[in-house]
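K.L.:
The structure under discussion is supplied below as C-alpha cells; questions concerning it will follow.
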Amino acid sequence: MRHTARYAKFLIPLMLLSATAACSVANDQETAGEYVDSAAITTKVKTQLASEGGMDLYSQVKVTTVEDVVQLAGFVKTAADKAQAERIAWTVKGVKDVQNDIVVQP
C-alpha cells in the first residue's frame with residue numbers, strides 16, 4: 001500500500017503535465033520545433049534589418065514570428081522606412097506572410 005501511495009505522488013503530476021502539453025499543441029500553439037524555426041526567422045529578419053536598413057531601422061522595429069508569419073511593429077520616421085522593413089522581411093527564407101503593423105510617426 002505504501003508503494004502505491006508513493007507512485008501516485010509522482011504519477012498524478014506527470015499525467016497532468018502530459019495532458020497540459022497535449023492541450024497546448026491542440027490549441028494551435030507552436031510545437032517546440034516550430035518555435036525554434038520561428039526564432040530563427042526572427043533572428044534572420046533582425047539581422048537583415050540591421051545590415052540593409054541600418055541601426056535606426058533595426059532599433060525601431062520589433063519583429064515576432066509565429067508559424068512562419070512575421071509581424072513587424074514599432075514606429076518609424078517615413079513611409080519608405082516602413083516599406084523597406086517589410087521588403088526586408090519578405091527576403092528571408094521561410095517567411096510565409098508579413099504583417100506590417102509599423103506606424104509612421106515623423
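Starting from 1 in every chain, residues are counted up; chains themselves are A, B, ... following the order of the C-alpha cells, and ligands are numbered from 1 as listed.
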What's around Val63 of chain A at 9 Å? Count only C-alpha atoms, leave out sequence neighbours fewer than 2 positions away in its own chain, and write the answer as a PyMOL selection string.
P.N.:
chain A and resi 42-43+45-46+61+65+70-74
K.L.:
To one decimal place, how far is atom CA of Val98 of chain A from atom CA of Gln84 of chain A in Å?
P.N.:
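It comes out at 12.4 Å.
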K.L.:
Counting only C-alpha atoms, figure out which residue out of A:Gln48, A:Gln105, A:Thr64, A:Thr31 gets nearest to Arg87 of chain A.
P.N.:
A:Gln48
K.L.:
Could you tell me which of A:Val95, A:Ile41, A:Val104, A:Val36 comes closest to Val69 of chain A if we count only C-alpha atoms?
P.N.:
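Checking each of A:Val95, A:Ile41, A:Val104, A:Val36 against Val69 of chain A, counting only C-alpha atoms, the winner is A:Val95.
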K.L.:
Could you pull out the alpha helix (DSSP H) residues of segment 22-98 of chain A from DSSP and send them as a PyMOL selection string?
P.N.:
chain A and resi 22-26+32-48+54-60+79-90
K.L.:
Determine the nearest neighbour of Ala40 of chain A from the options A:Val66, A:Ala83, A:Val103, A:Val76, counting only C-alpha atoms.
P.N.:
A:Val66
K.L.:
Find the residue from A:Asp68, A:Asp56, A:Ser51, A:Ser38 that sits nearest to Trp90 of chain A; use only C-alpha atoms when measuring.
P.N.:
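Under the stated criterion, the closest residue is A:Asp68.
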K.L.:
Determine the nearest neighbour of Lys96 of chain A from the options A:Glu67, A:Asp81, A:Asp37, A:Glu30, counting only C-alpha atoms.
P.N.:
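Closest residue, counting only C-alpha atoms: A:Glu67.
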K.L.:
Rounded to one decimal place, report the atom CA of Ala32 of chain A-atom CA of Asp97 of chain A distance in Å.
P.N.:
20.4 Å
K.L.:
In Å to one decimal, how far is atom CA of Tyr35 of chain A from atom CA of Glu52 of chain A?
P.N.:
25.5 Å
K.L.:
Can you tell me, as a compact mmCIF listing (two decimals) with C-alpha atoms, in the first residue's frame, what residues are no more than 9 Å from Lys44 of chain A when counting only C-alpha atoms, ignoring any on the same chain fewer than 6 positions away?
P.N.:
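Below you can see out-v4.txt, which holds the result:
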```
# COMPACT_ATOMS: atom_id res chain seq x y z
CA ALA A 89 11.22 40.63 -44.04
CA VAL A 92 14.11 35.94 -45.54
CA LYS A 93 13.76 32.29 -46.46
```
